$ cat protein.txt   # compact mmCIF, C-alpha atoms
# COMPACT_ATOMS: atom_id res chain seq x y z
CA MET T 1 27.39 4.57 -42.03
CA ASP T 2 29.61 5.24 -39.00
CA THR T 3 28.31 3.04 -36.18
CA ARG T 4 31.03 3.81 -33.66
CA VAL T 5 30.07 5.06 -30.22
CA ARG T 6 30.91 8.70 -29.53
CA HIS T 7 31.62 9.90 -26.00
CA ARG T 8 30.25 13.34 -25.20
CA GLN T 9 29.73 15.82 -22.40
CA MET T 10 27.10 18.49 -21.89
CA VAL T 11 25.61 20.58 -19.11
CA VAL T 12 22.00 19.81 -18.21
CA GLY T 13 20.70 22.40 -15.80
CA ASP T 14 23.70 22.87 -13.55
CA VAL T 15 24.99 19.30 -13.93
CA GLU T 16 27.93 18.22 -16.07
CA ILE T 17 26.77 15.08 -17.84
CA PHE T 18 28.66 12.36 -19.70
CA TYR T 19 26.75 10.43 -22.35
CA ARG T 20 27.35 7.95 -25.15
CA GLU T 21 25.87 8.46 -28.59
CA ALA T 22 25.85 6.40 -31.76
CA GLY T 23 24.07 6.66 -35.10
CA SER T 24 22.88 9.45 -37.34
CA PRO T 25 21.41 12.57 -35.68
CA HIS T 26 18.50 12.24 -38.12
CA ALA T 27 17.63 8.63 -37.25
CA PRO T 28 14.82 7.54 -34.88
CA VAL T 29 16.01 7.74 -31.29
CA VAL T 30 16.40 4.99 -28.71
CA LEU T 31 16.93 6.31 -25.17
CA LEU T 32 18.94 4.05 -22.87
CA PRO T 33 18.63 4.87 -19.13
CA HIS T 34 21.00 2.65 -17.16
CA GLY T 35 20.53 0.51 -14.07
CA TYR T 36 22.28 0.04 -10.71
CA PRO T 37 25.13 -0.40 -9.88
CA CYS T 38 26.04 0.57 -13.43
CA SER T 39 26.21 3.44 -15.91
CA SER T 40 25.92 4.00 -19.66
CA TYR T 41 28.77 1.49 -19.86
CA GLU T 42 26.15 -1.27 -19.86
CA PHE T 43 25.09 -0.25 -23.38
CA ARG T 44 28.57 0.02 -24.91
CA ASN T 45 28.19 -3.20 -26.93
CA LEU T 46 24.55 -2.80 -27.94
CA MET T 47 24.86 0.72 -29.34
CA PRO T 48 27.11 0.10 -32.37
CA ARG T 49 24.97 -2.90 -33.32
CA LEU T 50 21.90 -0.69 -33.76
CA ALA T 51 23.55 2.52 -34.94
CA ASP T 52 23.17 1.78 -38.66
CA ARG T 53 19.42 2.54 -38.38
CA TRP T 54 18.84 4.29 -35.05
CA ARG T 55 20.31 7.05 -32.94
CA LEU T 56 21.26 5.66 -29.53
CA LEU T 57 21.60 7.93 -26.49
CA ALA T 58 22.86 6.65 -23.13
CA PRO T 59 23.51 9.27 -20.43
CA ASP T 60 25.17 8.69 -17.08
CA TYR T 61 22.84 9.92 -14.33
CA PRO T 62 24.12 12.66 -12.04
CA GLY T 63 26.10 10.85 -9.36
CA ALA T 64 26.84 7.87 -11.63
CA GLY T 65 29.45 6.89 -14.19
CA TYR T 66 31.43 9.83 -15.52
CA SER T 67 28.79 12.49 -14.78
CA SER T 68 29.34 14.93 -11.93
CA THR T 69 27.88 14.57 -8.45
CA PRO T 70 26.61 18.00 -7.41
CA ASP T 71 25.35 18.56 -3.89
CA GLU T 72 22.21 20.31 -5.11
CA PHE T 73 20.41 17.57 -7.01
CA ASP T 74 17.38 15.41 -6.25
CA TYR T 75 18.94 11.92 -6.20
CA SER T 76 15.66 10.02 -6.37
CA PHE T 77 13.60 8.28 -9.02
CA ASP T 78 11.64 11.52 -9.47
CA GLY T 79 14.83 13.55 -9.72
CA TYR T 80 16.37 11.22 -12.29
CA ALA T 81 13.19 11.26 -14.38
CA ALA T 82 13.26 15.06 -14.35
CA PHE T 83 16.90 14.89 -15.44
CA LEU T 84 16.06 12.57 -18.37
CA ASP T 85 13.26 14.90 -19.40
CA ALA T 86 15.65 17.86 -19.41
CA PHE T 87 18.25 15.79 -21.28
CA VAL T 88 15.97 14.87 -24.20
CA ARG T 89 14.46 18.35 -24.34
CA GLN T 90 17.89 19.96 -24.50
CA LEU T 91 18.80 17.68 -27.40
CA GLY T 92 15.54 18.55 -29.15
CA ILE T 93 14.19 14.99 -29.12
CA ALA T 94 10.41 14.80 -29.38
CA ARG T 95 9.88 11.04 -29.75
CA PHE T 96 11.89 7.96 -28.86
CA ALA T 97 11.85 4.28 -28.02
CA LEU T 98 12.67 3.70 -24.36
CA TYR T 99 14.79 0.86 -22.92
CA LEU T 100 13.67 -0.12 -19.41
CA HIS T 101 16.19 -2.09 -17.37
CA ASP T 102 16.75 -2.37 -13.62
CA PHE T 103 16.37 1.03 -11.89
CA GLY T 104 16.01 2.57 -15.35
CA SER T 105 12.50 1.11 -15.38
CA PRO T 106 10.87 3.19 -12.60
CA ILE T 107 12.83 6.21 -13.84
CA GLY T 108 11.80 5.68 -17.46
CA ALA T 109 8.21 4.91 -16.45
CA ARG T 110 7.93 8.35 -14.87
CA LEU T 111 9.24 9.89 -18.09
CA ALA T 112 6.64 7.97 -20.12
CA ILE T 113 3.78 8.86 -17.79
CA GLN T 114 4.74 12.53 -17.96
CA ALA T 115 4.46 12.69 -21.77
CA PRO T 116 3.03 9.48 -23.29
CA GLU T 117 3.00 10.96 -26.79
CA ARG T 118 6.81 10.91 -26.83
CA ILE T 119 7.07 7.14 -26.39
CA ALA T 120 7.30 5.26 -29.69
CA ALA T 121 7.93 1.88 -28.05
CA LEU T 122 9.17 0.16 -24.91
CA ILE T 123 11.97 -2.40 -24.71
CA ILE T 124 11.62 -4.00 -21.28
CA GLN T 125 14.62 -6.06 -20.19
CA ASN T 126 14.64 -7.25 -16.56
CA GLY T 127 13.29 -3.90 -15.46
CA ASP T 128 11.95 -3.25 -11.96
CA ILE T 129 8.32 -4.26 -12.37
CA PRO T 130 5.17 -2.52 -11.01
CA TYR T 131 3.62 -5.79 -9.74
CA GLU T 132 4.10 -6.43 -6.03
CA ASP T 133 3.09 -10.09 -6.21
CA ALA T 134 5.60 -11.02 -8.95
CA LEU T 135 8.86 -9.79 -7.43
CA GLY T 136 11.71 -12.21 -6.77
CA PRO T 137 13.19 -13.34 -3.42
CA LYS T 138 15.89 -10.65 -3.38
CA TYR T 139 13.18 -8.01 -3.09
CA GLN T 140 11.86 -9.76 -0.02
CA ASP T 141 15.28 -9.23 1.58
CA ILE T 142 15.02 -5.50 0.81
CA GLU T 143 11.46 -5.33 2.17
CA LYS T 144 12.54 -6.79 5.51
CA GLY T 145 14.40 -3.57 6.22
CA TRP T 146 11.36 -1.37 5.70
CA SER T 147 10.04 -2.05 9.19
CA MET T 148 13.32 -0.92 10.79
CA PRO T 149 13.89 2.59 12.17
CA ARG T 150 15.24 4.71 9.33
CA ASP T 151 18.78 4.99 10.71
CA ALA T 152 18.97 1.23 11.27
CA MET T 153 17.66 0.57 7.77
CA ARG T 154 20.23 2.91 6.24
CA ALA T 155 23.03 1.27 8.22
CA LYS T 156 21.89 -2.14 6.96
CA LEU T 157 21.77 -0.89 3.37
CA ALA T 158 25.26 0.60 3.72
CA GLU T 159 26.56 -2.91 4.37
CA THR T 160 25.33 -3.98 0.93
CA ILE T 161 27.39 -1.38 -0.92
CA SER T 162 30.79 -2.94 -1.46
CA GLU T 163 32.87 -4.30 -4.31
CA GLU T 164 31.85 -7.84 -3.38
CA THR T 165 28.13 -7.04 -3.45
CA PHE T 166 28.59 -5.21 -6.76
CA LYS T 167 30.05 -8.46 -8.10
CA GLU T 168 27.05 -10.35 -6.74
CA GLU T 169 24.69 -7.87 -8.42
CA PHE T 170 26.27 -8.48 -11.81
CA GLN T 171 26.54 -12.26 -11.45
CA ASN T 172 23.02 -12.37 -9.97
CA ALA T 173 21.82 -16.02 -9.88
CA LEU T 174 23.54 -17.06 -13.12
CA ARG T 175 24.72 -20.61 -13.69
CA PRO T 176 28.54 -20.80 -13.49
CA GLU T 177 29.07 -21.21 -17.23
CA LEU T 178 27.06 -18.02 -17.83
CA ALA T 179 28.59 -16.10 -14.93
CA ASP T 180 31.93 -16.57 -16.69
CA ARG T 181 30.63 -14.26 -19.44
CA ILE T 182 30.22 -11.36 -17.00
CA SER T 183 33.40 -9.30 -17.19
CA PRO T 184 34.94 -8.17 -13.89
CA ASP T 185 35.29 -4.79 -15.59
CA LEU T 186 31.66 -4.17 -14.60
CA TRP T 187 32.09 -4.31 -10.84
CA LYS T 188 35.72 -3.15 -10.84
CA LEU T 189 34.91 -0.03 -12.89
CA HIS T 190 31.79 0.93 -11.02
CA TRP T 191 33.29 0.30 -7.61
CA SER T 192 36.26 2.48 -8.56
CA LEU T 193 33.81 5.32 -9.27
CA MET T 194 32.15 5.02 -5.85
CA THR T 195 32.71 7.93 -3.45
CA PRO T 196 31.27 8.64 0.02
CA LYS T 197 28.70 10.96 -1.59
CA ARG T 198 27.73 8.34 -4.17
CA ARG T 199 27.43 5.74 -1.43
CA GLU T 200 24.82 7.93 0.28
CA ILE T 201 23.02 8.35 -3.05
CA ALA T 202 22.88 4.57 -3.49
CA ILE T 203 21.51 4.12 0.02
CA ASP T 204 18.80 6.70 -0.64
CA LEU T 205 17.82 5.08 -3.95
CA ILE T 206 17.52 1.60 -2.50
CA ALA T 207 15.61 2.96 0.50
CA GLY T 208 13.39 4.82 -1.98
CA LEU T 209 12.09 1.52 -3.35
CA LYS T 210 9.59 1.57 -0.47
CA GLU T 211 8.12 4.91 -1.55
CA ASN T 212 8.30 3.83 -5.18
CA ARG T 213 5.55 1.29 -4.48
CA ALA T 214 3.10 4.21 -4.51
CA TRP T 215 3.93 4.62 -8.21
CA PHE T 216 2.96 1.06 -9.13
CA PRO T 217 -0.76 1.78 -9.81
CA GLN T 218 0.12 4.81 -11.93
CA HIS T 219 2.72 2.79 -13.88
CA ARG T 220 0.23 -0.01 -14.52
CA ARG T 221 -2.46 2.49 -15.54
CA TYR T 222 -0.08 4.05 -18.08
CA LEU T 223 0.61 0.66 -19.63
CA ARG T 224 -3.04 -0.34 -19.65
CA GLU T 225 -4.41 2.92 -21.07
CA HIS T 226 -1.72 3.78 -23.62
CA GLN T 227 -0.72 0.29 -24.78
CA PRO T 228 2.72 1.31 -26.13
CA PRO T 229 4.27 -1.25 -28.49
CA ALA T 230 6.40 -3.35 -26.18
CA LEU T 231 9.13 -5.95 -26.48
CA ILE T 232 9.78 -7.90 -23.28
CA VAL T 233 13.13 -9.68 -23.51
CA TRP T 234 14.02 -11.37 -20.23
CA GLY T 235 16.60 -13.45 -18.46
CA PRO T 236 14.76 -15.63 -15.88
CA GLN T 237 17.96 -16.39 -13.92
CA ASP T 238 17.38 -13.29 -11.82
CA HIS T 239 16.81 -13.33 -8.05
CA TYR T 240 15.20 -9.89 -8.24
CA MET T 241 12.98 -10.40 -11.29
CA PRO T 242 12.47 -14.04 -12.39
CA GLU T 243 10.23 -15.33 -15.18
CA GLU T 244 7.08 -14.52 -13.22
CA SER T 245 8.09 -10.86 -13.23
CA ALA T 246 8.30 -10.79 -17.03
CA ARG T 247 4.94 -12.48 -17.48
CA ALA T 248 3.28 -10.01 -15.08
CA TYR T 249 3.57 -7.28 -17.74
CA LEU T 250 1.15 -9.21 -19.93
CA ARG T 251 -1.66 -8.37 -17.49
CA ASP T 252 -1.62 -4.79 -18.76
CA LEU T 253 0.19 -5.29 -22.10
CA PRO T 254 -1.49 -8.40 -23.54
CA ARG T 255 -0.14 -7.66 -27.04
CA ALA T 256 3.46 -7.30 -25.89
CA GLU T 257 6.05 -9.62 -27.40
CA LEU T 258 7.64 -11.79 -24.70
CA HIS T 259 10.94 -13.62 -25.22
CA LEU T 260 12.63 -15.59 -22.43
CA LEU T 261 16.35 -16.19 -22.97
CA ASP T 262 18.57 -18.60 -21.06
CA GLY T 263 20.21 -15.83 -19.08
CA GLY T 264 19.79 -13.43 -16.22
CA HIS T 265 19.63 -9.77 -15.28
CA TRP T 266 22.43 -8.53 -17.58
CA LEU T 267 21.51 -10.03 -20.95
CA LEU T 268 23.60 -7.51 -22.86
CA GLU T 269 26.65 -9.15 -21.28
CA THR T 270 25.69 -12.80 -21.74
CA HIS T 271 23.25 -12.87 -24.69
CA LEU T 272 24.11 -9.81 -26.76
CA ASP T 273 23.57 -11.43 -30.17
CA GLU T 274 20.16 -12.87 -29.32
CA THR T 275 18.97 -9.70 -27.59
CA THR T 276 20.18 -7.45 -30.40
CA ALA T 277 18.40 -9.55 -33.03
CA LEU T 278 15.10 -9.32 -31.14
CA ILE T 279 15.45 -5.56 -30.66
CA ARG T 280 16.31 -4.94 -34.32
CA ASP T 281 13.34 -6.96 -35.53
CA PHE T 282 11.01 -5.17 -33.11
CA LEU T 283 12.26 -1.66 -33.88
CA ASP T 284 12.14 -2.32 -37.62
CA ARG T 285 8.38 -2.87 -37.23
CA VAL T 286 7.44 -0.14 -34.76
CA HIS T 287 10.13 2.59 -34.89
CA ALA T 288 11.78 2.33 -38.29
CA PRO T 289 13.67 5.12 -40.10
$ encode --input "protein.txt" --output "structure tokens"
Amino acid sequence: MDTRVRHRQMVVGDVEIFYREAGSPHAPVVLLPHGYPCSSYEFRNLMPRLADRWRLLAPDYPGAGYSSTPDEFDYSFDGYAAFLDAFVRQLGIARFALYLHDFGSPIGARLAIQAPERIAALIIQNGDIPYEDALGPKYQDIEKGWSMPRDAMRAKLAETISEETFKEEFQNALRPELADRISPDLWKLHWSLMTPKRREIAIDLIAGLKENRAWFPQHRRYLREHQPPALIVWGPQDHYMPEESARAYLRDLPRAELHLLDGGHWLLETHLDETTALIRDFLDRVHAP
């Protein structure tokens, strides 16, 4: 079995998309929407470790990674969910396990809500949670800007988009001996791909977290009513989403499997072996070939 990652391009709608793929085209699918400020690059190490039994698909969103940045695209959580829907439909994928991490969580949640029958399982790893009372202190910093006039809020958010803040995002609250495991390639690569247009997209997405709160009840209702098999694998050293954030999911998914690792937001960088083992065991039981 060839488990190497393949690097592909396709046109979805009018958008030229880059995506990574690994595994047999006949194997059960795992869809990997990426977070911010990242791209499909975040899954480069996980994919070959699962590709002997599953088909892994990790697209770069429009305006991210190596995908194009067209002017006429809805750069919002709704727009990205519509893009993912078009992506899986174009590839003829009717059912898949869904990895929810960072901004990929509200985007993936919309995809799941739209067609619950497609979701074989959820792997939730430090994803943006739909529980207002369990968010970490970094979210409080974001919320402070919501009372500002829109132009002032956008100017404040623009200050947070720099190579230094990208580094802070990736090293997010980790102890020094764990932060050493986070490669500078992550912030160097993704900062090098930043353009003025992409900077505006990032500002809009972060500002859109305020409107995204309106989705929280719908997200929770989906979890509660459909009870998808769920693996919650979490790094508590996360200023955005600490341990309390992980445990909040159990309110609506009481049968979910919860594993807390001694890491932070980017477990695939610091705890790849442990995370992979948990995912393999989970998928073998709920989404096996």
$ closest_atom_pairs --input "protein.txt" --of "segment 8-117 of chain T" --to "segment 122-129 of chain T" --cutoff "9 Å" --atoms "all atoms listed in the file" --output "CSV"
residue,atom,partner,partner_atom,distance
T:Gly35,CA,T:Gly127,CA,8.6
T:Ala97,CA,T:Leu122,CA,5.8
T:Leu98,CA,T:Leu122,CA,5.0
T:Tyr99,CA,T:Ile123,CA,4.7
T:Leu100,CA,T:Ile124,CA,4.8
T:His101,CA,T:Gly127,CA,3.9
T:Asp102,CA,T:Gly127,CA,4.2
T:Phe103,CA,T:Asp128,CA,6.2
T:Gly104,CA,T:Gly127,CA,7.0
T:Ser105,CA,T:Gly127,CA,5.1
T:Pro106,CA,T:Asp128,CA,6.6
$ residues_around --input "protein.txt" --residues "Leu57 of chain T" --least-positions-apart "3" --cutoff "8 Å" --atoms "only C-alpha atoms" --output "list in words"
Tyr19, Arg20, Glu21, Ala22, Val29, Val30, Leu31 and Leu32 of chain T
$ closest_residue --input "protein.txt" --among "T:Ala115, T:Val286, T:Ile93, T:Leu268" --to "Leu46 of chain T" --atoms "all atoms listed in the file"
T:Leu268
$ residues_around --input "protein.txt" --residues "Asp85 of chain T" --least-positions-apart "5" --cutoff "10 Å" --atoms "only C-alpha atoms" --output "list of chain:residue names"
T:Gly79, T:Tyr80, T:Gln90, T:Ile93, T:Gly108, T:Arg110, T:Leu111, T:Ala112, T:Gln114, T:Ala115
$ atom_distance --input "protein.txt" --atom1 "atom CA of His226 of chain T" --atom2 "atom CA of Ala121 of chain T"
10.8 Å
$ residues_around --input "protein.txt" --residues "Ser162 of chain T" --least-positions-apart "6" --cutoff "10 Å" --atoms "all atoms listed in the file" --output "mmCIF file with C-alpha atoms, keeping the file's coordinate frame"
data_model
loop_
_atom_site.group_PDB
_atom_site.id
_atom_site.type_symbol
_atom_site.label_atom_id
_atom_site.label_comp_id
_atom_site.auth_asym_id
_atom_site.auth_seq_id
_atom_site.Cartn_x
_atom_site.Cartn_y
_atom_site.Cartn_z
ATOM 1 C CA GLU T 168 27.050 -10.350 -6.740
ATOM 2 C CA TRP T 187 32.090 -4.310 -10.840
ATOM 3 C CA TRP T 191 33.290 0.300 -7.610
ATOM 4 C CA MET T 194 32.150 5.020 -5.850
ATOM 5 C CA ARG T 199 27.430 5.740 -1.430
#
$ closest_residue --input "protein.txt" --among "T:Met47, T:Pro196, T:Ala230, T:Arg175" --to "Ile119 of chain T" --atoms "only C-alpha atoms"
T:Ala230
$ closest_residue --input "protein.txt" --among "T:Gly92, T:Tyr75, T:Arg154, T:Pro59" --to "Pro25 of chain T" --atoms "only C-alpha atoms"
T:Gly92
$ atom_distance --input "protein.txt" --atom1 "atom CA of Arg220 of chain T" --atom2 "atom CA of Ser245 of chain T"
13.5 Å
